[in-house]
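Heads up, the thing below is written out as structure tokens.
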Amino acid sequence: MTFWGIATVALIGAASGFGLYCFACAFHVWRKRNSPVADGARPLGAAGRLGRVASMVLLLGGVVCAATASIASLIFVPEGLLHGKDLLTVRTPKDLHVQWTVADAAVKPGDLLARFHSPEKEARVEVLRLTIEELQTERAVVERRPLEPDREITRRLLDLGNERRHIESRLNQLEIECDEIQRGLACERLTATDQIRQLETEYAQLTRELTQAQKGLEFDRAQAVRSDELMRRGAGTPRDREQWLRDVKIGVEEVCKLQEQAENVRTQKTDLAEGLAELLSTMQSQATGLRRQIAVLGKQLDEVGGAEAAVQERLKSDLARAAELRSRELQQIDARVRETEKELGGVEQSLREVAAVGGFVVYRAPSPQTVGEGEPLLVVGPHQGLRLQMRLPKWQRKSLQQAAALKLELVSQMDRDAEVERHFVERRFVGRLVQWRGLPNDPSYGLAELSCEPPAEAVRYLSSGNEILVKMHWWPTPLASPLFLGGVLSALLGFAGWTLSSFRRAETASKPHGSAAGPTQQPDRQASWATEYGSEGAVLHLLGVQLREGILRHSVDRHLLAALEWALDRHRARAIRLIATGLAEDDQLGDPLRRFVSGNGSANGSGRHQGLAHEDRRRLIRIVRTVAPRLLAAGSPRPDEAPDDRAGTATVPRNVTTATTPAPR
């Protein structure tokens, strides 16, 4: 514990002791002044005494628990461990000089944090860049170079191509000749067919003409025979006969001519048909020969095509081999380029430092050029700040969440390397709760994670893998502590029980107890008043006795009323209690008092009725209602309802209690 902690506990202990001493003195005085009169109160039973003892125990225990909880919260300072696991540290590499550092406080992933300088590595960077350019040029040349298949396959493919083209040319010629023969044959066939059809048409026409000529010849012959008969008969003329004979001769000549023509046409048709059949046979044989040649050439072409397809497949596979070879060459060049680029990137990376994660620069070397080898140059922390872990009771969680800022302090640590105590100049900083996690094996406690921003010196110390013990100068709300709440509740219960028992004793003290209440007071009672309250207690008790005697005699002195009013104003609750005790409320006093304040006075010893002025009657009623309200019935006149009371004010002070029960002790 530090000096300030010890001093705080000492001051709190001294203040608590002084407060307890004052409370004990006040309680002693209060108890003495409010103790019951021996003959005026009933003694408490065993249950009552036990209740008062339990109330006192609860009250004192509650006060002790609340004080213990408060002192414990001041004595026991929460401590936590701060580490640098989330820090990104930039250190000066070997044989390098700092050239530039980032000036911004906030950095993002990929941002440049620092740049270093080295002549050897910069020259190596230039060499690697030139090597990359050379490899890229070589790759472009290889990529644009045509594929180189096997030469034997190429020559064989060319020979087969030439042979295939020659066969195709010969085949085309034969097909053309065959087509010409077919076309000629078709033309000859069509021509001969047309001629035959014309001859058939002409022969049919000649046949019809021949038939008609033969019919005409027969008719002419029949007419000639008829003309001969007519001449023989003498009915005809020679001229007619000669005419018919000429007609017969002409008809014979015409029939012979038509028959000759028809025979000629039939002969031509037969010759034409025979010539056509011979021509068709000749041309058909030529076409058949050509088709045989075409079939032979087709087989040769198929053989050449199959051989050419096989060679093309070989060429394809060879081209694939050539393409694979070129691809491998390109891959080899690309691999060399990547290797060179990686080497270049490594050299360039050694000359600069890039942020792997985003955050804020929490430490920056004051003079980057003079930072030694391996010393922290920059330290980047997370956006949420560093995490501080503390083991705290669960009841402090709500207070931690409500706290806006928590004051934290660094504790001097032992350095690992030097094994000496590490002191920090700037120790105080603030934090806030970001996460609370319960401990499964410790249900009463939890792990609180605080986000904080420690000083730059502490961050530099944490960047080397060290850990720092941190104290939290924060006191939780006492009402959140179960011990403090239990103490307060216990104290309230004890106070309530003690107050209740005190009221019950006051009620028993104010009630009459048969023979204990009488017109006169016993000597031991007066002695008790004098012992407890001194001479003033006896005077106040005497005033109550005198008031009782005056009420019974129906004669109250005005000076007595003034003395009672002064006593009530001066001593208040104590005067009310002592005067009420001297007044000794009982049934013997109630009826005379009611008759007296009602104005119906009784005869005194001399035979005269003693009356009371209206103002004095009002003062008396106020005093009695203040001291012993039970003596006045519900129907008794109030002080402001006294008969013929037009003016006048109360002489009893306003601050005197006028409740229907005795004043609180």
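Each chain in the structure tokens gets a letter, A, B, ..., in the order shown, and its residues are numbered from 1; ligands are numbered from 1 in order too.
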Find the spatial neighbours of Ala287 in chain A, counting only C-alpha atoms, within a cut-off of 8 Å - ignore same-chain residues fewer than 2 positions away - and output them as a compact mmCIF listing (two decimals) with N, CA and C atoms, in the first residue's frame.
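So out17.txt came out as:
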```txt
# COMPACT_ATOMS: atom_id res chain seq x y z
N CYS A 178 -17.56 -37.29 -118.75
CA CYS A 178 -18.75 -38.14 -118.56
C CYS A 178 -20.01 -37.32 -118.63
N ILE A 181 -20.60 -36.55 -122.29
CA ILE A 181 -21.18 -37.72 -122.98
C ILE A 181 -22.65 -37.87 -122.61
N GLN A 182 -22.92 -37.72 -121.36
CA GLN A 182 -24.31 -37.84 -120.92
C GLN A 182 -25.16 -36.76 -121.56
N MET A 283 -22.38 -44.58 -126.88
CA MET A 283 -22.15 -43.57 -125.83
C MET A 283 -22.26 -44.18 -124.43
N GLN A 284 -23.10 -45.18 -124.28
CA GLN A 284 -23.23 -45.84 -122.98
C GLN A 284 -21.96 -46.57 -122.61
N SER A 285 -21.35 -47.18 -123.60
CA SER A 285 -20.08 -47.88 -123.34
C SER A 285 -18.98 -46.88 -122.98
N GLY A 289 -16.97 -46.69 -119.36
CA GLY A 289 -15.51 -46.63 -119.21
C GLY A 289 -15.07 -45.46 -118.35
N LEU A 290 -15.69 -44.32 -118.60
CA LEU A 290 -15.35 -43.15 -117.78
C LEU A 290 -15.70 -43.37 -116.30
N ARG A 291 -16.83 -44.01 -116.08
CA ARG A 291 -17.23 -44.25 -114.68
C ARG A 291 -16.24 -45.18 -113.98
```
Next item on the list: Would you mind listing what lies within 8 Å of Val380 in chain A as a list in words, with only C-alpha atoms counted and same-chain residues fewer than 2 positions away left out?
Entry: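 Skipping anything fewer than 2 positions along the chain leaves Leu87, Leu88, Thr89, Gly359, Phe360, Val361, Val362, Tyr363, Leu378 and Pro382 of chain A.
Separating CA of Leu492 in chain A from CA of Gly17 in chain A is a distance of 20.6 Å.
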Notebook entry, point to check: Quick one: of A:Leu631, A:Ala405, A:Cys25, A:Val90, who's nearest to Phe116 in chain A, counting only C-alpha atoms?
Noted result: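 When distances to Phe116 in chain A are compared using only C-alpha atoms, the smallest one comes from A:Val90.
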Checklist line | Straight-line distance linking CA of Pro478 in chain A with CA of Phe76 in chain A, stated in Å to one decimal | finding: 13.9 Å
Checklist line | Nearest residue to Ala309 in chain A from the set A:Gln286, A:Cys187, A:Arg156, A:Glu348 (distances using only C-alpha atoms) | finding: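 When distances to Ala309 in chain A are compared using only C-alpha atoms, the smallest one comes from A:Arg156.
Note that the spacing between CA of Phe424 in chain A and CA of Ala404 in chain A amounts to 25.3 Å.
Candidate residues A:His383, A:Arg574, A:Arg595, A:His559 were compared for distance to Ala106 in chain A, and the nearest is A:His383, using only C-alpha atoms.
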Next item on the list: as a PyMOL selection string, list the residues of range 37-217 of chain A assigned to helix (DSSP H, G or I) by DSSP on the backbone atoms of this structure.
Entry: chain A and resi 46-75+119-144+151-217
Margin query: At a cut-off of 7 Å, using only C-alpha atoms, what residues contact Val545 in chain A? Leave out same-chain residues fewer than 4 positions from it and give the result as a VMD selection string.
Written below: chain A and resid 541 549 582 to 583
Please dump the current selection as a PDB file, in the first residue's frame; keep C-alpha atoms.
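Once everything was written out, this is out02.pdb:
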```
ATOM      1  CA  HIS A 541     -42.697  18.224  37.658  1.00  0.00           C
ATOM      2  CA  GLU A 549     -54.199  20.888  42.213  1.00  0.00           C
ATOM      3  CA  GLY A 582     -46.892  15.699  37.364  1.00  0.00           C
ATOM      4  CA  LEU A 583     -50.388  16.239  36.041  1.00  0.00           C
TER       5      LEU A 583
END
```
Would you write out, as CSV, a table of all residues in range 308-419 of chain A that have an atom no more than 10 Å from an atom of range 450-453 of chain A, listing for each the closest atom pair and the distance in Å to one decimal, considering only C-alpha atoms and ordering rows by chain and rising residue number?
```
residue,atom,partner,partner_atom,distance
A:Val362,CA,A:Glu453,CA,7.9
A:Gly381,CA,A:Glu453,CA,9.0
A:His383,CA,A:Ser451,CA,9.8
A:Gln384,CA,A:Ser451,CA,6.3
A:Gly385,CA,A:Cys452,CA,5.3
A:Leu386,CA,A:Cys452,CA,5.4
A:Arg387,CA,A:Ser451,CA,5.0
A:Leu388,CA,A:Leu450,CA,4.9
A:Gln389,CA,A:Leu450,CA,6.5
A:Met390,CA,A:Leu450,CA,8.0
A:Leu400,CA,A:Leu450,CA,9.7
A:Ala405,CA,A:Cys452,CA,9.7
A:Leu406,CA,A:Leu450,CA,9.0
A:Lys407,CA,A:Cys452,CA,9.9
A:Leu408,CA,A:Cys452,CA,8.7
```
Write a file of the selected residues as an mmCIF file, in the first residue's frame, keeping all heavy atoms.
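Contents of the output file part.cif:
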```
data_model
loop_
_atom_site.group_PDB
_atom_site.id
_atom_site.type_symbol
_atom_site.label_atom_id
_atom_site.label_comp_id
_atom_site.auth_asym_id
_atom_site.auth_seq_id
_atom_site.Cartn_x
_atom_site.Cartn_y
_atom_site.Cartn_z
ATOM 1 N N VAL A 362 0.579 5.461 -31.873
ATOM 2 C CA VAL A 362 0.567 5.743 -30.433
ATOM 3 C C VAL A 362 1.956 6.074 -29.907
ATOM 4 O O VAL A 362 2.089 6.525 -28.762
ATOM 5 C CB VAL A 362 -0.031 4.544 -29.666
ATOM 6 C CG1 VAL A 362 -1.487 4.368 -30.008
ATOM 7 C CG2 VAL A 362 0.737 3.263 -29.972
ATOM 8 N N GLY A 381 -1.178 1.369 -32.788
ATOM 9 C CA GLY A 381 -2.148 0.679 -31.937
ATOM 10 C C GLY A 381 -3.500 0.570 -32.609
ATOM 11 O O GLY A 381 -3.787 1.262 -33.602
ATOM 12 N N HIS A 383 -7.638 0.857 -33.313
ATOM 13 C CA HIS A 383 -8.543 2.012 -33.242
ATOM 14 C C HIS A 383 -9.194 2.109 -31.865
ATOM 15 O O HIS A 383 -9.437 3.215 -31.367
ATOM 16 C CB HIS A 383 -9.623 1.896 -34.321
ATOM 17 C CG HIS A 383 -9.093 2.088 -35.708
ATOM 18 N ND1 HIS A 383 -8.772 3.326 -36.225
ATOM 19 C CD2 HIS A 383 -8.809 1.186 -36.686
ATOM 20 C CE1 HIS A 383 -8.320 3.189 -37.463
ATOM 21 N NE2 HIS A 383 -8.334 1.903 -37.773
ATOM 22 N N GLN A 384 -9.522 0.983 -31.257
ATOM 23 C CA GLN A 384 -10.205 1.003 -29.967
ATOM 24 C C GLN A 384 -9.250 1.228 -28.810
ATOM 25 O O GLN A 384 -9.692 1.278 -27.658
ATOM 26 C CB GLN A 384 -10.958 -0.318 -29.735
ATOM 27 C CG GLN A 384 -12.026 -0.620 -30.756
ATOM 28 C CD GLN A 384 -11.455 -1.240 -32.009
ATOM 29 O OE1 GLN A 384 -10.266 -1.557 -32.044
ATOM 30 N NE2 GLN A 384 -12.272 -1.414 -33.027
ATOM 31 N N GLY A 385 -7.973 1.357 -29.050
ATOM 32 C CA GLY A 385 -7.015 1.520 -27.980
ATOM 33 C C GLY A 385 -6.528 0.176 -27.457
ATOM 34 O O GLY A 385 -7.000 -0.890 -27.854
ATOM 35 N N LEU A 386 -5.580 0.237 -26.529
ATOM 36 C CA LEU A 386 -5.040 -0.985 -25.945
ATOM 37 C C LEU A 386 -6.050 -1.567 -24.956
ATOM 38 O O LEU A 386 -6.841 -0.839 -24.354
ATOM 39 C CB LEU A 386 -3.719 -0.695 -25.246
ATOM 40 C CG LEU A 386 -2.463 -0.766 -26.147
ATOM 41 C CD1 LEU A 386 -2.469 0.398 -27.129
ATOM 42 C CD2 LEU A 386 -1.198 -0.728 -25.310
ATOM 43 N N ARG A 387 -6.000 -2.861 -24.778
ATOM 44 C CA ARG A 387 -6.924 -3.556 -23.882
ATOM 45 C C ARG A 387 -6.243 -3.839 -22.545
ATOM 46 O O ARG A 387 -5.156 -4.421 -22.499
ATOM 47 C CB ARG A 387 -7.401 -4.863 -24.508
ATOM 48 C CG ARG A 387 -8.272 -4.663 -25.740
ATOM 49 C CD ARG A 387 -9.543 -3.932 -25.382
ATOM 50 N NE ARG A 387 -10.388 -3.705 -26.535
ATOM 51 C CZ ARG A 387 -11.361 -4.529 -26.901
ATOM 52 N NH1 ARG A 387 -11.590 -5.613 -26.191
ATOM 53 N NH2 ARG A 387 -12.103 -4.266 -27.958
ATOM 54 N N LEU A 388 -6.902 -3.423 -21.478
ATOM 55 C CA LEU A 388 -6.453 -3.666 -20.115
ATOM 56 C C LEU A 388 -7.436 -4.631 -19.466
ATOM 57 O O LEU A 388 -8.647 -4.368 -19.426
ATOM 58 C CB LEU A 388 -6.384 -2.355 -19.328
ATOM 59 C CG LEU A 388 -6.089 -2.472 -17.831
ATOM 60 C CD1 LEU A 388 -4.713 -3.078 -17.603
ATOM 61 C CD2 LEU A 388 -6.200 -1.111 -17.152
ATOM 62 N N GLN A 389 -6.946 -5.742 -18.946
ATOM 63 C CA GLN A 389 -7.790 -6.761 -18.335
ATOM 64 C C GLN A 389 -7.679 -6.690 -16.818
ATOM 65 O O GLN A 389 -6.573 -6.607 -16.268
ATOM 66 C CB GLN A 389 -7.380 -8.154 -18.823
ATOM 67 C CG GLN A 389 -7.621 -8.372 -20.310
ATOM 68 C CD GLN A 389 -7.251 -9.765 -20.751
ATOM 69 O OE1 GLN A 389 -6.598 -10.500 -20.027
ATOM 70 N NE2 GLN A 389 -7.660 -10.136 -21.953
ATOM 71 N N MET A 390 -8.848 -6.710 -16.175
ATOM 72 C CA MET A 390 -8.915 -6.647 -14.719
ATOM 73 C C MET A 390 -9.922 -7.663 -14.212
ATOM 74 O O MET A 390 -10.976 -7.868 -14.832
ATOM 75 C CB MET A 390 -9.335 -5.244 -14.241
ATOM 76 C CG MET A 390 -8.270 -4.184 -14.392
ATOM 77 S SD MET A 390 -8.747 -2.652 -13.606
ATOM 78 C CE MET A 390 -7.222 -1.735 -13.719
ATOM 79 N N LEU A 400 -19.085 0.359 -13.361
ATOM 80 C CA LEU A 400 -18.089 0.532 -14.427
ATOM 81 C C LEU A 400 -18.733 0.991 -15.724
ATOM 82 O O LEU A 400 -18.208 1.856 -16.440
ATOM 83 C CB LEU A 400 -17.350 -0.782 -14.663
ATOM 84 C CG LEU A 400 -16.200 -1.122 -13.711
ATOM 85 C CD1 LEU A 400 -15.668 -2.497 -14.030
ATOM 86 C CD2 LEU A 400 -15.087 -0.105 -13.814
ATOM 87 N N ALA A 405 -15.246 7.951 -17.577
ATOM 88 C CA ALA A 405 -13.793 7.820 -17.711
ATOM 89 C C ALA A 405 -13.253 7.253 -16.406
ATOM 90 O O ALA A 405 -13.629 7.692 -15.309
ATOM 91 C CB ALA A 405 -13.139 9.165 -18.026
ATOM 92 N N LEU A 406 -12.370 6.291 -16.534
ATOM 93 C CA LEU A 406 -11.748 5.639 -15.383
ATOM 94 C C LEU A 406 -10.279 6.059 -15.324
ATOM 95 O O LEU A 406 -9.550 5.933 -16.303
ATOM 96 C CB LEU A 406 -11.866 4.121 -15.513
ATOM 97 C CG LEU A 406 -13.296 3.575 -15.660
ATOM 98 C CD1 LEU A 406 -13.256 2.085 -15.973
ATOM 99 C CD2 LEU A 406 -14.087 3.830 -14.398
ATOM 100 N N LYS A 407 -9.878 6.552 -14.162
ATOM 101 C CA LYS A 407 -8.502 6.995 -13.994
ATOM 102 C C LYS A 407 -7.606 5.788 -13.728
ATOM 103 O O LYS A 407 -7.874 4.996 -12.827
ATOM 104 C CB LYS A 407 -8.405 7.992 -12.845
ATOM 105 C CG LYS A 407 -9.131 9.305 -13.119
ATOM 106 C CD LYS A 407 -8.947 10.271 -11.975
ATOM 107 C CE LYS A 407 -9.659 11.593 -12.260
ATOM 108 N NZ LYS A 407 -9.485 12.560 -11.141
ATOM 109 N N LEU A 408 -6.557 5.674 -14.529
ATOM 110 C CA LEU A 408 -5.616 4.563 -14.421
ATOM 111 C C LEU A 408 -4.218 5.104 -14.148
ATOM 112 O O LEU A 408 -3.890 6.240 -14.525
ATOM 113 C CB LEU A 408 -5.616 3.732 -15.705
ATOM 114 C CG LEU A 408 -6.980 3.200 -16.166
ATOM 115 C CD1 LEU A 408 -6.851 2.539 -17.516
ATOM 116 C CD2 LEU A 408 -7.550 2.231 -15.141
#
```
Margin query: When you look at Arg189 in chain A with a cut-off of 10 Å (counting only C-alpha atoms), what residues show up, excluding the ones that are within fewer than 3 positions of it in the same chain? I need them as number ranges by chain.
Written below: A: 183-186, 192-195, 273, 276-277, 279-280
Create the file for the chosen residues now, containing all heavy atoms and written as a PDB file, in the first residue's frame.
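Now in again00.pdb:
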```
ATOM      1  N   ARG A 183     -24.617 -35.558-121.585  1.00  0.00           N
ATOM      2  CA  ARG A 183     -25.391 -34.490-122.211  1.00  0.00           C
ATOM      3  C   ARG A 183     -25.563 -34.747-123.715  1.00  0.00           C
ATOM      4  O   ARG A 183     -26.634 -34.535-124.287  1.00  0.00           O
ATOM      5  CB  ARG A 183     -24.700 -33.131-121.975  1.00  0.00           C
ATOM      6  CG  ARG A 183     -24.871 -32.594-120.572  1.00  0.00           C
ATOM      7  CD  ARG A 183     -24.488 -31.131-120.523  1.00  0.00           C
ATOM      8  NE  ARG A 183     -23.072 -30.932-120.855  1.00  0.00           N
ATOM      9  CZ  ARG A 183     -22.080 -30.956-119.984  1.00  0.00           C
ATOM     10  NH1 ARG A 183     -22.346 -31.197-118.711  1.00  0.00           N
ATOM     11  NH2 ARG A 183     -20.837 -30.759-120.369  1.00  0.00           N
ATOM     12  N   GLY A 184     -24.484 -35.197-124.421  1.00  0.00           N
ATOM     13  CA  GLY A 184     -24.605 -35.509-125.859  1.00  0.00           C
ATOM     14  C   GLY A 184     -25.592 -36.637-126.113  1.00  0.00           C
ATOM     15  O   GLY A 184     -26.398 -36.584-127.061  1.00  0.00           O
ATOM     16  N   LEU A 185     -25.478 -37.666-125.282  1.00  0.00           N
ATOM     17  CA  LEU A 185     -26.410 -38.779-125.410  1.00  0.00           C
ATOM     18  C   LEU A 185     -27.838 -38.317-125.213  1.00  0.00           C
ATOM     19  O   LEU A 185     -28.756 -38.711-125.957  1.00  0.00           O
ATOM     20  CB  LEU A 185     -26.046 -39.863-124.392  1.00  0.00           C
ATOM     21  CG  LEU A 185     -26.901 -41.136-124.402  1.00  0.00           C
ATOM     22  CD1 LEU A 185     -26.825 -41.821-125.773  1.00  0.00           C
ATOM     23  CD2 LEU A 185     -26.445 -42.095-123.315  1.00  0.00           C
ATOM     24  N   ALA A 186     -28.025 -37.467-124.277  1.00  0.00           N
ATOM     25  CA  ALA A 186     -29.371 -36.962-124.026  1.00  0.00           C
ATOM     26  C   ALA A 186     -29.842 -36.102-125.193  1.00  0.00           C
ATOM     27  O   ALA A 186     -31.005 -36.197-125.627  1.00  0.00           O
ATOM     28  CB  ALA A 186     -29.391 -36.160-122.727  1.00  0.00           C
ATOM     29  N   ALA A 192     -33.353 -37.517-131.923  1.00  0.00           N
ATOM     30  CA  ALA A 192     -33.884 -38.689-132.645  1.00  0.00           C
ATOM     31  C   ALA A 192     -35.334 -38.930-132.266  1.00  0.00           C
ATOM     32  O   ALA A 192     -36.179 -39.278-133.109  1.00  0.00           O
ATOM     33  CB  ALA A 192     -33.029 -39.901-132.333  1.00  0.00           C
ATOM     34  N   THR A 193     -35.630 -38.742-131.031  1.00  0.00           N
ATOM     35  CA  THR A 193     -37.018 -38.946-130.574  1.00  0.00           C
ATOM     36  C   THR A 193     -37.938 -37.941-131.252  1.00  0.00           C
ATOM     37  O   THR A 193     -39.058 -38.286-131.679  1.00  0.00           O
ATOM     38  CB  THR A 193     -37.091 -38.810-129.052  1.00  0.00           C
ATOM     39  OG1 THR A 193     -36.197 -39.749-128.445  1.00  0.00           O
ATOM     40  CG2 THR A 193     -38.476 -39.065-128.554  1.00  0.00           C
ATOM     41  N   ASP A 194     -37.470 -36.707-131.326  1.00  0.00           N
ATOM     42  CA  ASP A 194     -38.304 -35.705-132.008  1.00  0.00           C
ATOM     43  C   ASP A 194     -38.492 -36.074-133.490  1.00  0.00           C
ATOM     44  O   ASP A 194     -39.615 -35.950-134.031  1.00  0.00           O
ATOM     45  CB  ASP A 194     -37.646 -34.317-131.894  1.00  0.00           C
ATOM     46  CG  ASP A 194     -37.701 -33.798-130.482  1.00  0.00           C
ATOM     47  OD1 ASP A 194     -38.543 -34.276-129.678  1.00  0.00           O
ATOM     48  OD2 ASP A 194     -36.895 -32.879-130.124  1.00  0.00           O
ATOM     49  N   GLN A 195     -37.409 -36.499-134.140  1.00  0.00           N
ATOM     50  CA  GLN A 195     -37.525 -36.867-135.568  1.00  0.00           C
ATOM     51  C   GLN A 195     -38.458 -38.061-135.744  1.00  0.00           C
ATOM     52  O   GLN A 195     -39.281 -38.093-136.669  1.00  0.00           O
ATOM     53  CB  GLN A 195     -36.144 -37.192-136.138  1.00  0.00           C
ATOM     54  CG  GLN A 195     -35.232 -35.979-136.267  1.00  0.00           C
ATOM     55  CD  GLN A 195     -33.852 -36.326-136.787  1.00  0.00           C
ATOM     56  OE1 GLN A 195     -33.544 -37.508-137.044  1.00  0.00           O
ATOM     57  NE2 GLN A 195     -33.028 -35.292-136.997  1.00  0.00           N
ATOM     58  N   ALA A 273     -34.419 -45.113-135.863  1.00  0.00           N
ATOM     59  CA  ALA A 273     -34.481 -45.854-134.593  1.00  0.00           C
ATOM     60  C   ALA A 273     -33.269 -46.757-134.453  1.00  0.00           C
ATOM     61  O   ALA A 273     -32.670 -46.853-133.367  1.00  0.00           O
ATOM     62  CB  ALA A 273     -35.784 -46.653-134.514  1.00  0.00           C
ATOM     63  N   LEU A 276     -30.260 -44.573-133.674  1.00  0.00           N
ATOM     64  CA  LEU A 276     -30.319 -44.074-132.281  1.00  0.00           C
ATOM     65  C   LEU A 276     -29.898 -45.154-131.297  1.00  0.00           C
ATOM     66  O   LEU A 276     -29.139 -44.892-130.341  1.00  0.00           O
ATOM     67  CB  LEU A 276     -31.737 -43.588-131.977  1.00  0.00           C
ATOM     68  CG  LEU A 276     -31.979 -43.073-130.543  1.00  0.00           C
ATOM     69  CD1 LEU A 276     -31.068 -41.880-130.231  1.00  0.00           C
ATOM     70  CD2 LEU A 276     -33.438 -42.668-130.363  1.00  0.00           C
ATOM     71  N   ALA A 277     -30.358 -46.387-131.529  1.00  0.00           N
ATOM     72  CA  ALA A 277     -29.993 -47.473-130.612  1.00  0.00           C
ATOM     73  C   ALA A 277     -28.496 -47.734-130.673  1.00  0.00           C
ATOM     74  O   ALA A 277     -27.838 -47.939-129.630  1.00  0.00           O
ATOM     75  CB  ALA A 277     -30.775 -48.730-130.967  1.00  0.00           C
ATOM     76  N   LEU A 279     -26.210 -45.523-131.501  1.00  0.00           N
ATOM     77  CA  LEU A 279     -25.541 -44.380-130.865  1.00  0.00           C
ATOM     78  C   LEU A 279     -25.612 -44.463-129.337  1.00  0.00           C
ATOM     79  O   LEU A 279     -24.634 -44.205-128.617  1.00  0.00           O
ATOM     80  CB  LEU A 279     -26.173 -43.076-131.362  1.00  0.00           C
ATOM     81  CG  LEU A 279     -25.606 -41.780-130.766  1.00  0.00           C
ATOM     82  CD1 LEU A 279     -24.112 -41.644-131.122  1.00  0.00           C
ATOM     83  CD2 LEU A 279     -26.377 -40.565-131.291  1.00  0.00           C
ATOM     84  N   LEU A 280     -26.781 -44.838-128.879  1.00  0.00           N
ATOM     85  CA  LEU A 280     -26.937 -44.954-127.410  1.00  0.00           C
ATOM     86  C   LEU A 280     -26.014 -46.033-126.857  1.00  0.00           C
ATOM     87  O   LEU A 280     -25.412 -45.858-125.784  1.00  0.00           O
ATOM     88  CB  LEU A 280     -28.391 -45.277-127.073  1.00  0.00           C
ATOM     89  CG  LEU A 280     -29.410 -44.144-127.280  1.00  0.00           C
ATOM     90  CD1 LEU A 280     -30.824 -44.637-127.006  1.00  0.00           C
ATOM     91  CD2 LEU A 280     -29.076 -42.944-126.407  1.00  0.00           C
TER      92      LEU A 280
END
```
Notebook entry, point to check: So, counting only C-alpha atoms, which residue among A:Leu174, A:Val627, A:Met231, A:Val127 is closest to Ala573 in chain A?
Noted result: A:Val627
